[in-house]
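Chemist: Just one file: query.cif, with mmCIF, C-alpha atoms.
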data_coords
#
loop_
_atom_site.label_atom_id
_atom_site.label_comp_id
_atom_site.auth_asym_id
_atom_site.auth_seq_id
_atom_site.Cartn_x
_atom_site.Cartn_y
_atom_site.Cartn_z
CA MET C 1055 122.57 310.83 15.60
CA ALA C 1056 121.48 309.27 12.32
CA LEU C 1057 124.18 307.32 10.51
CA SER C 1058 123.73 309.53 7.46
CA THR C 1059 124.81 312.58 9.47
CA ILE C 1060 128.12 311.07 10.54
CA LYS C 1061 130.81 312.57 8.32
CA THR C 1062 134.49 311.75 8.20
CA ALA C 1063 135.30 315.10 9.79
CA SER C 1064 133.12 314.30 12.82
CA ILE C 1065 135.09 311.17 13.67
CA ALA C 1066 137.96 311.78 16.06
CA ASN C 1067 141.35 310.76 14.73
CA ASP C 1068 141.82 308.17 17.44
CA ALA C 1069 138.25 306.80 17.32
CA ILE C 1070 138.94 304.21 14.66
CA THR C 1071 142.20 302.35 14.92
CA THR C 1072 143.77 299.62 12.87
CA ASP C 1073 143.55 297.30 15.86
CA LYS C 1074 139.81 297.86 16.14
CA ILE C 1075 139.28 297.22 12.46
CA VAL C 1076 141.47 294.13 12.29
CA ASN C 1077 140.39 292.58 15.59
CA ASP C 1078 136.69 293.37 15.51
CA GLY C 1079 135.93 294.15 11.90
CA ASN C 1080 135.67 290.69 10.28
CA LEU C 1081 137.39 292.03 7.20
CA GLY C 1082 137.08 288.98 5.00
CA ASN C 1083 137.02 285.20 4.79
CA LYS C 1084 134.81 285.50 7.84
CA ASN C 1085 132.03 283.04 7.08
CA LEU C 1086 132.47 279.60 8.63
CA ILE C 1087 129.49 278.31 6.62
CA ILE C 1088 130.23 276.88 3.17
CA ASN C 1089 127.65 277.36 0.39
CA GLY C 1090 125.61 279.75 2.52
CA ALA C 1091 124.04 281.26 -0.59
CA MET C 1092 122.88 277.82 -1.75
CA ASN C 1093 124.56 278.20 -5.15
CA VAL C 1094 126.41 274.86 -5.30
CA ALA C 1095 124.29 271.77 -6.01
CA GLN C 1096 126.60 268.96 -7.14
CA ARG C 1097 124.23 266.18 -6.04
CA GLY C 1098 121.21 267.65 -7.80
CA THR C 1099 118.55 270.25 -7.10
CA SER C 1100 115.73 268.19 -5.56
CA PHE C 1101 115.86 265.61 -2.78
CA THR C 1102 113.68 263.48 -0.53
CA SER C 1103 114.99 263.17 2.99
CA THR C 1104 116.23 259.95 4.58
CA ALA C 1105 117.69 259.45 8.04
CA ASP C 1106 120.51 261.88 7.23
CA SER C 1107 120.89 262.79 3.57
CA TYR C 1108 123.00 265.44 1.91
CA THR C 1109 121.16 267.93 -0.28
CA LEU C 1110 122.63 271.14 -1.64
CA ASP C 1111 126.36 271.02 -0.97
CA ARG C 1112 127.35 270.86 2.70
CA PHE C 1113 123.77 270.84 4.01
CA ALA C 1114 122.21 267.59 5.27
CA LEU C 1115 118.56 267.07 6.11
CA GLY C 1116 117.48 264.07 8.16
CA HIS C 1117 114.15 262.81 9.37
CA GLY C 1118 113.08 259.90 11.54
CA SER C 1119 109.70 258.26 12.15
CA PRO C 1120 107.02 259.23 13.01
CA VAL C 1121 108.05 262.40 11.18
CA ASN C 1122 107.49 261.88 7.48
CA ALA C 1123 109.99 262.57 4.70
CA CYS C 1124 110.51 266.15 3.58
CA THR C 1125 111.49 267.36 0.14
CA THR C 1126 114.33 269.80 -0.34
CA GLU C 1127 115.05 271.83 -3.44
CA GLN C 1128 117.22 274.61 -4.75
CA SER C 1129 114.69 277.39 -5.29
CA THR C 1130 115.03 280.57 -7.33
CA ASP C 1131 112.78 282.32 -4.82
CA ALA C 1132 115.31 284.35 -2.85
CA PRO C 1133 115.65 287.75 -1.19
CA ALA C 1134 117.39 290.65 -2.89
CA ASN C 1135 121.07 290.05 -3.71
CA PHE C 1136 120.69 286.26 -3.70
CA LYS C 1137 120.06 283.92 -6.63
CA TYR C 1138 118.92 280.83 -4.75
CA SER C 1139 117.47 279.56 -1.51
CA MET C 1140 117.02 276.12 -0.04
CA LYS C 1141 113.33 275.23 0.20
CA VAL C 1142 112.12 272.49 2.52
CA THR C 1143 108.56 271.21 2.17
CA ALA C 1144 107.11 269.05 4.92
CA GLY C 1145 105.42 265.78 4.05
CA THR C 1146 102.21 264.65 5.70
CA GLY C 1147 102.12 266.43 9.03
CA ALA C 1148 102.95 264.33 12.09
CA SER C 1149 104.02 264.98 15.63
CA ALA C 1150 107.60 263.92 16.32
CA GLY C 1151 106.63 262.45 19.69
CA THR C 1152 109.72 261.65 21.70
CA THR C 1153 112.19 260.25 19.17
CA GLY C 1154 111.01 261.45 15.77
CA TYR C 1155 112.98 264.24 14.19
CA ALA C 1156 113.55 266.51 11.24
CA SER C 1157 116.65 268.64 11.27
CA LEU C 1158 118.77 270.52 8.78
CA ARG C 1159 122.45 270.79 9.59
CA GLN C 1160 125.85 271.86 8.40
CA ALA C 1161 128.82 270.22 10.11
CA ILE C 1162 131.89 272.45 10.22
CA GLU C 1163 135.33 270.87 10.11
CA GLY C 1164 137.29 271.16 13.34
CA GLN C 1165 140.34 272.70 11.68
CA ASN C 1166 138.17 275.61 10.53
CA ILE C 1167 136.91 276.46 14.02
CA ALA C 1168 140.20 276.25 15.90
CA TYR C 1169 140.44 280.05 16.18
CA VAL C 1170 137.03 280.19 17.87
CA ASN C 1171 138.74 278.50 20.85
CA PHE C 1172 135.63 276.81 22.19
CA GLY C 1173 136.39 274.71 25.24
CA THR C 1174 139.11 277.11 26.41
CA SER C 1175 139.27 280.32 28.44
CA SER C 1176 139.90 282.16 25.16
CA ALA C 1177 136.59 281.12 23.59
CA LYS C 1178 134.85 283.75 21.43
CA ASN C 1179 131.24 284.65 20.86
CA ILE C 1180 129.92 283.76 17.42
CA THR C 1181 126.96 285.10 15.48
CA LEU C 1182 124.70 283.25 13.05
CA SER C 1183 122.71 285.18 10.48
CA PHE C 1184 120.41 284.06 7.68
CA TRP C 1185 117.40 284.96 5.58
CA VAL C 1186 114.31 282.81 6.17
CA LYS C 1187 110.83 282.56 4.69
CA CYS C 1188 108.17 280.22 6.04
CA SER C 1189 104.50 279.44 5.53
CA LEU C 1190 104.13 279.36 9.31
CA THR C 1191 104.83 282.02 11.93
CA GLY C 1192 106.09 281.90 15.49
CA ASN C 1193 109.23 280.98 17.37
CA PHE C 1194 111.59 278.58 15.60
CA GLY C 1195 114.77 276.97 16.88
CA THR C 1196 118.40 276.70 15.89
CA ASN C 1197 121.14 274.89 17.71
CA ILE C 1198 124.89 274.43 17.89
CA ARG C 1199 126.32 271.19 19.27
CA ASN C 1200 129.65 269.46 19.43
CA GLN C 1201 130.68 266.27 17.63
CA ALA C 1202 129.91 264.07 20.60
CA GLY C 1203 126.45 265.56 20.92
CA ASN C 1204 126.92 266.11 24.64
CA ARG C 1205 127.27 269.91 24.62
CA ALA C 1206 124.81 272.25 22.93
CA TYR C 1207 123.32 275.73 22.90
CA ALA C 1208 119.85 276.43 21.52
CA SER C 1209 118.57 279.76 20.21
CA ILE C 1210 115.16 281.00 19.12
CA TYR C 1211 114.36 283.17 16.13
CA THR C 1212 110.90 284.53 15.41
CA ILE C 1213 109.15 284.49 12.05
CA ASN C 1214 106.71 287.38 12.16
CA SER C 1215 104.98 287.19 8.78
CA ALA C 1216 104.12 284.12 6.75
CA ASN C 1217 105.64 283.73 3.28
CA THR C 1218 107.84 286.80 3.68
CA TRP C 1219 111.63 286.96 3.60
CA GLU C 1220 112.99 288.02 6.99
CA TYR C 1221 116.58 288.47 8.17
CA LYS C 1222 117.48 286.77 11.46
CA THR C 1223 120.52 286.85 13.70
CA VAL C 1224 121.41 284.97 16.86
CA THR C 1225 124.56 285.38 18.92
CA ILE C 1226 125.97 282.31 20.62
CA PRO C 1227 128.02 283.04 23.74
CA ALA C 1228 131.54 281.70 23.98
CA ASP C 1229 131.72 278.21 25.45
CA THR C 1230 134.65 277.73 27.79
CA GLY C 1231 133.53 274.17 28.56
CA GLY C 1232 132.82 271.10 26.52
CA THR C 1233 135.03 269.30 24.01
CA TRP C 1234 135.32 270.87 20.58
CA PRO C 1235 137.64 268.96 18.19
CA THR C 1236 139.97 271.00 15.99
CA ASN C 1237 141.09 268.21 13.69
CA ASN C 1238 139.61 267.00 10.40
CA GLY C 1239 136.51 265.66 12.13
CA ILE C 1240 133.43 267.61 13.12
CA GLY C 1241 134.19 270.80 15.04
CA PHE C 1242 130.54 271.58 15.57
CA HIS C 1243 127.13 271.23 13.95
CA ILE C 1244 124.87 274.17 13.20
CA GLN C 1245 121.30 272.83 13.10
CA TRP C 1246 117.85 274.18 12.32
CA ASP C 1247 115.11 272.36 14.20
CA LEU C 1248 112.32 271.54 11.76
CA GLY C 1249 110.65 268.85 13.87
CA ALA C 1250 112.73 267.42 16.71
CA GLY C 1251 111.08 265.10 19.22
CA SER C 1252 110.98 265.94 22.91
CA ASN C 1253 113.95 263.67 23.70
CA TYR C 1254 116.18 265.96 21.64
CA ASP C 1255 114.82 269.32 22.78
CA ILE C 1256 116.68 271.62 25.16
CA ALA C 1257 115.79 275.04 26.52
CA ALA C 1258 117.15 278.02 24.64
CA GLY C 1259 119.64 280.42 26.12
CA SER C 1260 122.24 278.42 28.02
CA TRP C 1261 124.98 275.88 27.34
CA THR C 1262 123.66 272.44 28.19
CA ASN C 1263 125.24 269.04 28.81
CA GLY C 1264 123.28 265.99 27.69
CA THR C 1265 122.85 263.55 24.82
CA ASN C 1266 121.81 264.11 21.21
CA MET C 1267 120.59 267.65 21.74
CA PHE C 1268 119.55 269.24 18.45
CA GLY C 1269 116.01 270.44 19.10
CA VAL C 1270 114.67 273.51 20.86
CA GLU C 1271 111.87 273.53 23.41
CA GLY C 1272 108.75 275.59 22.83
CA THR C 1273 109.28 276.17 19.14
CA VAL C 1274 107.23 275.62 15.99
CA LYS C 1275 107.91 272.22 14.43
CA LEU C 1276 107.52 272.61 10.67
CA THR C 1277 106.92 268.91 10.01
CA GLU C 1278 103.74 268.85 12.08
CA THR C 1279 101.96 270.76 9.30
CA THR C 1280 101.32 269.05 5.98
CA ASN C 1281 103.11 270.75 3.08
CA ALA C 1282 104.41 273.58 5.25
CA THR C 1283 107.38 275.30 3.61
CA TRP C 1284 110.57 276.78 5.05
CA GLN C 1285 113.28 278.48 3.01
CA MET C 1286 116.69 279.80 3.88
CA THR C 1287 119.68 281.48 2.25
CA GLY C 1288 122.47 283.91 3.06
CA VAL C 1289 123.68 281.78 5.95
CA GLN C 1290 126.69 283.22 7.73
CA LEU C 1291 128.47 282.24 10.93
CA GLU C 1292 131.19 284.57 12.14
CA VAL C 1293 133.17 285.47 15.20
CA GLY C 1294 131.81 288.39 17.22
CA ASN C 1295 128.56 289.77 18.56
CA THR C 1296 127.39 291.43 15.38
CA ALA C 1297 126.12 289.99 12.14
CA THR C 1298 127.92 291.72 9.28
CA PRO C 1299 126.71 291.77 5.66
CA PHE C 1300 126.84 288.39 3.92
CA GLU C 1301 130.19 287.63 2.35
CA HIS C 1302 129.45 286.83 -1.30
CA ARG C 1303 132.18 284.55 -2.65
CA SER C 1304 132.67 283.69 -6.31
CA PHE C 1305 131.01 280.48 -7.50
CA ALA C 1306 134.42 278.94 -8.21
CA ASP C 1307 135.66 279.76 -4.71
CA GLU C 1308 132.60 278.22 -3.11
CA LEU C 1309 132.77 275.16 -5.37
CA LEU C 1310 136.40 274.51 -4.42
CA ARG C 1311 135.46 274.66 -0.74
CA CYS C 1312 132.71 272.12 -1.40
CA TYR C 1313 135.15 269.83 -3.23
CA ARG C 1314 136.96 269.11 0.02
CA TYR C 1315 133.85 267.17 1.05
CA PHE C 1316 132.29 266.04 -2.22
CA GLU C 1317 133.60 265.96 -5.79
CA LYS C 1318 132.48 264.52 -9.10
CA GLY C 1319 134.80 263.35 -11.85
CA GLY C 1320 135.53 260.73 -14.47
CA ILE C 1321 138.30 258.54 -15.80
CA VAL C 1322 138.92 256.40 -18.87
CA PHE C 1323 141.66 253.84 -19.42
CA ALA C 1324 142.66 251.08 -21.81
CA ASN C 1325 144.28 247.72 -21.28
CA GLN C 1326 144.69 248.34 -17.58
CA THR C 1327 143.18 246.87 -14.47
CA VAL C 1328 144.29 249.68 -12.16
CA ILE C 1329 144.71 253.39 -12.78
CA SER C 1330 145.15 256.42 -10.53
CA GLY C 1331 144.17 260.08 -10.68
CA MET C 1332 144.29 263.16 -8.48
CA TYR C 1333 141.37 264.99 -6.95
CA ALA C 1334 140.95 268.69 -7.71
CA VAL C 1335 141.04 269.33 -3.95
CA THR C 1336 142.52 267.13 -1.24
CA LYS C 1337 139.69 265.53 0.66
CA ARG C 1338 139.01 265.90 4.37
CA THR C 1339 139.67 262.19 4.72
CA THR C 1340 139.68 259.14 2.45
CA PRO C 1341 136.38 259.42 0.61
CA THR C 1342 133.75 256.87 -0.22
CA MET C 1343 133.64 256.47 -3.98
CA VAL C 1344 130.68 255.64 -6.14
CA ARG C 1345 130.88 254.71 -9.79
CA THR C 1346 127.99 256.74 -11.15
CA GLY C 1347 127.99 255.76 -14.82
CA ASN C 1348 129.93 254.38 -17.75
CA ILE C 1349 131.92 256.49 -20.16
CA TYR C 1350 132.70 253.33 -22.09
CA SER C 1351 130.37 250.43 -21.57
CA ALA C 1352 132.51 248.04 -19.65
CA SER C 1353 132.70 245.49 -16.96
CA GLU C 1354 132.10 246.40 -13.35
CA ALA C 1355 134.70 248.42 -11.53
CA GLY C 1356 135.48 249.15 -7.94
CA THR C 1357 136.98 252.39 -6.75
CA PHE C 1358 139.30 253.27 -3.95
CA GLY C 1359 140.42 256.61 -2.68
CA ALA C 1360 143.12 258.25 -0.63
CA SER C 1361 142.60 261.79 0.57
CA ASP C 1362 144.35 263.29 -2.47
CA GLU C 1363 144.46 260.46 -5.01
CA TYR C 1364 142.10 257.80 -6.23
CA THR C 1365 142.67 254.44 -7.81
CA TYR C 1366 140.24 252.74 -10.10
CA HIS C 1367 140.27 248.97 -9.93
CA ALA C 1368 138.56 246.80 -12.51
CA TYR C 1369 136.89 243.65 -11.33
CA THR C 1370 137.48 242.06 -14.70
CA GLY C 1371 139.63 242.94 -17.68
CA SER C 1372 138.41 245.10 -20.52
CA THR C 1373 139.84 246.74 -23.59
CA TYR C 1374 138.40 250.10 -22.58
CA LEU C 1375 137.08 250.82 -19.15
CA GLY C 1376 135.89 254.11 -17.85
CA GLY C 1377 133.36 255.69 -15.63
CA ARG C 1378 132.19 258.69 -13.77
CA TRP C 1379 132.59 258.82 -10.03
CA THR C 1380 131.73 260.75 -6.93
CA ALA C 1381 134.05 261.04 -3.95
CA ASP C 1382 132.29 261.68 -0.63
CA ALA C 1383 134.29 262.79 2.42
CA GLU C 1384 131.42 264.58 4.12
CA LEU C 1385 131.17 264.97 7.86
CA MET Q 1170 122.11 254.75 6.73
CA ASN Q 1171 120.40 251.64 5.37
CA ILE Q 1172 123.24 249.19 4.67
CA THR Q 1173 122.01 246.07 2.92
CA SER Q 1174 125.31 244.41 1.97
CA ALA Q 1175 129.01 244.72 2.71
CA GLN Q 1176 131.97 242.74 1.38
CA TYR Q 1177 135.71 243.28 1.59
CA PHE Q 1178 137.47 243.90 -1.71
CA ASN Q 1179 141.13 242.95 -2.13
CA ASP Q 1180 143.77 244.58 -4.28
CA LEU Q 1181 145.85 242.64 -6.78
CA ASP Q 1182 148.22 241.57 -4.00
CA GLY Q 1183 145.36 240.12 -2.01
CA ASN Q 1184 145.28 242.85 0.63
CA GLN Q 1185 141.99 244.22 1.92
CA PHE Q 1186 141.69 247.82 0.79
CA CYS Q 1187 138.01 248.69 0.81
CA ILE Q 1188 134.51 247.45 1.48
CA ILE Q 1189 132.00 247.24 -1.35
CA ALA Q 1190 128.75 248.15 0.37
CA THR Q 1191 125.22 248.90 -0.71
CA ILE Q 1192 124.12 251.95 1.26
CA ASP Q 1193 120.71 253.55 0.77
CA GLY Q 1194 120.41 251.52 -2.44
CA THR Q 1195 123.73 252.65 -3.96
CA GLU Q 1196 126.85 250.50 -4.34
CA MET Q 1197 129.80 252.28 -2.77
CA SER Q 1198 133.51 251.65 -2.32
CA VAL Q 1199 134.12 252.46 1.32
CA PRO Q 1200 137.74 252.91 2.45
CA LEU Q 1201 138.98 251.33 5.68
CA ASP Q 1202 139.26 254.76 7.30
CA PRO Q 1203 137.70 255.48 10.71
CA ASP Q 1204 137.27 259.15 9.74
CA ASN Q 1205 135.07 258.11 6.81
CA ARG Q 1206 131.42 258.38 7.89
CA HIS Q 1207 130.30 255.36 5.87
CA TYR Q 1208 133.05 253.14 7.31
CA ALA Q 1209 132.27 254.41 10.80
CA GLU Q 1210 128.61 253.49 10.36
CA ILE Q 1211 129.47 250.05 8.92
CA MET Q 1212 131.65 249.28 11.92
CA ARG Q 1213 129.01 250.64 14.32
CA GLN Q 1214 126.48 248.23 12.84
CA VAL Q 1215 129.00 245.35 12.89
CA ASP Q 1216 129.69 246.03 16.57
CA ALA Q 1217 125.95 246.13 17.22
CA GLY Q 1218 125.59 242.74 15.56
CA THR Q 1219 123.24 244.00 12.87
CA LEU Q 1220 125.66 243.76 9.94
CA THR Q 1221 128.26 241.24 8.78
CA ILE Q 1222 131.05 242.05 6.33
CA GLU Q 1223 131.60 239.16 3.93
CA GLU Q 1224 135.13 238.10 3.06
CA ALA Q 1225 136.55 238.99 -0.35
CA GLU Q 1226 135.98 236.56 -3.17
#
Output the structure of this file as structure tokens.

Modeler:
Amino acid sequence: MALSTIKTASIANDAITTDKIVNDGNLGNKNLIINGAMNVAQRGTSFTSTADSYTLDRFALGHGSPVNACTTEQSTDAPANFKYSMKVTAGTGASAGTTGYASLRQAIEGQNIAYVNFGTSSAKNITLSFWVKCSLTGNFGTNIRNQAGNRAYASIYTINSANTWEYKTVTIPADTGGTWPTNNGIGFHIQWDLGAGSNYDIAAGSWTNGTNMFGVEGTVKLTETTNATWQMTGVQLEVGNTATPFEHRSFADELLRCYRYFEKGGIVFANQTVISGMYAVTKRTTPTMVRTGNIYSASEAGTFGASDEYTYHAYTGSTYLGGRWTADAEL
Amino acid sequence: MNITSAQYFNDLDGNQFCIIATIDGTEMSVPLDPDNRHYAEIMRQVDAGTLTIEEAE
């Protein structure tokens, strides 16, 4: 029966229950991924990868020799209903060999995955969905692994047509084994294999014990092809076996979620050597602070943070002292 | 992370409260917090013998 022919009157009264809707319906606040629509870009909109460098908020891209650096940008090329995508462009093509790598990841805080119950008999299946567009075709890999890197599950998604937006979903079976922290550290990593070396590859389709497993065997490695491009947006990770429509959050809501891990601000003070302020959002842990520029030209200053409050220490006295800062509590 | 320098920084009472480190070319104030990824990497490199944290001035 076509969905369009199903009318309210044809649904039995007891066919849809509140329990079914609440327990299986993913009614809201369902997406474990933050900034899945690639809208928030506090660090900038264009990046060159290092060993593990943050790009658009909450997403980190790392590469290691002999894989060459990739560039990442916030692109306005996006599928319908999305404003932005993340676009990765490979550098000079090179085989990863055994220990080279290129991988995009989002680490999800343990407190946010507690209800997934991984590592227990109550563990739940989860489903990853995203839009992807690539200059290459074939089987590509994605991976979930725990903080210790000793438990992972690899999945394959297929890009059928080059340079065409395609919607992909993979369901990850519940893991009743392994150790999955539920504190303010890393609960798990979601990774997209763009060029992992053979030492990091595992076979898709089963939970695996090992070390540093973030690649997927038998998949296309983007970074082997010079200037190959790979784009993604609409990333959603939710409990259950079915990918539901992407949960569009307001920009302010998404930005506040990002602030827990990275925030920018500024402070000015006079005739003081120490001053304190409050973050807009309490950080995951005490952040690293960087003084990013002067508001008043002044002597050098050091910064120090707690998880909810920062203190600005001057190295030397000054009539006016002020600067802009970033607070980084990323995973 | 490419860490090229690290030095303890004391508060006005003379207590260590952070490390001023140059990481990937940027000077950062790194708290003494094991859950902080920069501090964790500094200590990993110290334990590996590839980095030394200088005492505060």

Chemist: Kindly indicate which residue among C:Met1332, C:Ile1240, C:Leu1190, C:Ala1208 lies nearest to chain Q, using all atoms listed in the file for the distances.

Modeler: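 Closest to chain Q, using all atoms listed in the file: C:Ile1240.
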
Chemist: What is the CA of Phe1242 (chain C)-CA of Phe1113 (chain C) distance in Å, reported with one decimal?

Modeler: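 If I compute the distance from CA of Phe1242 (chain C) to CA of Phe1113 (chain C), I get 13.4 Å.
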
Chemist: Taking all atoms listed in the file into account, which of Q:Ala1225, Q:Leu1201, Q:Ala1217, Q:Ile1189 comes nearest Ser1174 (chain Q)?

Modeler: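 The closest residue to Ser1174 (chain Q) is Q:Ile1189.
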
Chemist: Which residues are close to Glu1223 (chain Q), i.e. within 12 Å by all atoms listed in the file, leaving aside same-chain residues fewer than 5 positions away? Reply as a ChimeraX atom specification.

Modeler: /Q:1173-1179,1185,1187-1190,1215

Chemist: Do a neighbour search on Thr1195 (chain Q) at 12 Å with all atoms listed in the file, toss out local chain neighbours closer than 3 positions, and write the hits as a ChimeraX atom specification.

Modeler: /C:1342-1346,1380 /Q:1170-1175,1189-1192,1198-1199

Chemist: What separation in Å, quoted to one decimal, exists between CA of Ile1210 (chain C) and CA of Thr1191 (chain C)?

Modeler: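 Pair CA of Ile1210 (chain C) / CA of Thr1191 (chain C) returns 12.6 Å.
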
Chemist: Once the PyMOL selection byres ((chain Q and resi 1206) around 9) has been evaluated on this model, what residues remain selected, and can you format them as an MDAnalysis selection string?

Modeler: (chainID C and resid 1341:1342 1383:1385) or (chainID Q and resid 1202:1205 1207:1211)

Chemist: With C-alpha atoms retained, write the just-selected residues as a tab-separated table (two decimals), in the coordinates of the input.

Modeler:
chain	number	residue	atom	x	y	z
C	1341	PRO	CA	136.38	259.42	0.61
C	1342	THR	CA	133.75	256.87	-0.22
C	1383	ALA	CA	134.29	262.79	2.42
C	1384	GLU	CA	131.42	264.58	4.12
C	1385	LEU	CA	131.17	264.97	7.86
Q	1202	ASP	CA	139.26	254.76	7.30
Q	1203	PRO	CA	137.70	255.48	10.71
Q	1204	ASP	CA	137.27	259.15	9.74
Q	1205	ASN	CA	135.07	258.11	6.81
Q	1207	HIS	CA	130.30	255.36	5.87
Q	1208	TYR	CA	133.05	253.14	7.31
Q	1209	ALA	CA	132.27	254.41	10.80
Q	1210	GLU	CA	128.61	253.49	10.36
Q	1211	ILE	CA	129.47	250.05	8.92

Chemist: Using the chain letters and numbers from this file, what does the PyMOL selection byres ((chain C and resi 1262) around 10) select? Give the answer as a PyMOL selection string.

Modeler: chain C and resi 1199+1204-1208+1232+1256-1261+1263-1265+1267

Chemist: Once the PyMOL selection byres ((chain C and resi 1093-1104) around 8) has been evaluated on this model, what residues remain selected, and can you format them as a PyMOL selection string?

Modeler: chain C and resi 1089-1092+1105-1107+1109-1111+1115-1118+1123-1128+1137-1138+1305+1308-1309+1312+1317-1318

Chemist: To one decimal place in Å, what is the distance between CA of Ala1297 (chain C) and CA of Phe1194 (chain C)?

Modeler: 18.8 Å

Chemist: If you count only C-alpha atoms, which residues fall within 7 Å of Gly1147 (chain C), apart from same-chain ones fewer than 3 positions away, as a list in words?

Modeler: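 In the requested form, the answer reads Ala1144, Thr1277, Glu1278, Thr1279 and Thr1280 of chain C.
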
Chemist: What's around Ser1209 (chain C) at 8 Å? Count all atoms listed in the file, leave out sequence neighbours fewer than 3 positions away in its own chain, and write the answer as a VMD selection string.

Modeler: chain C and resid 1195 to 1197 1224 1226 1258 to 1259 1270
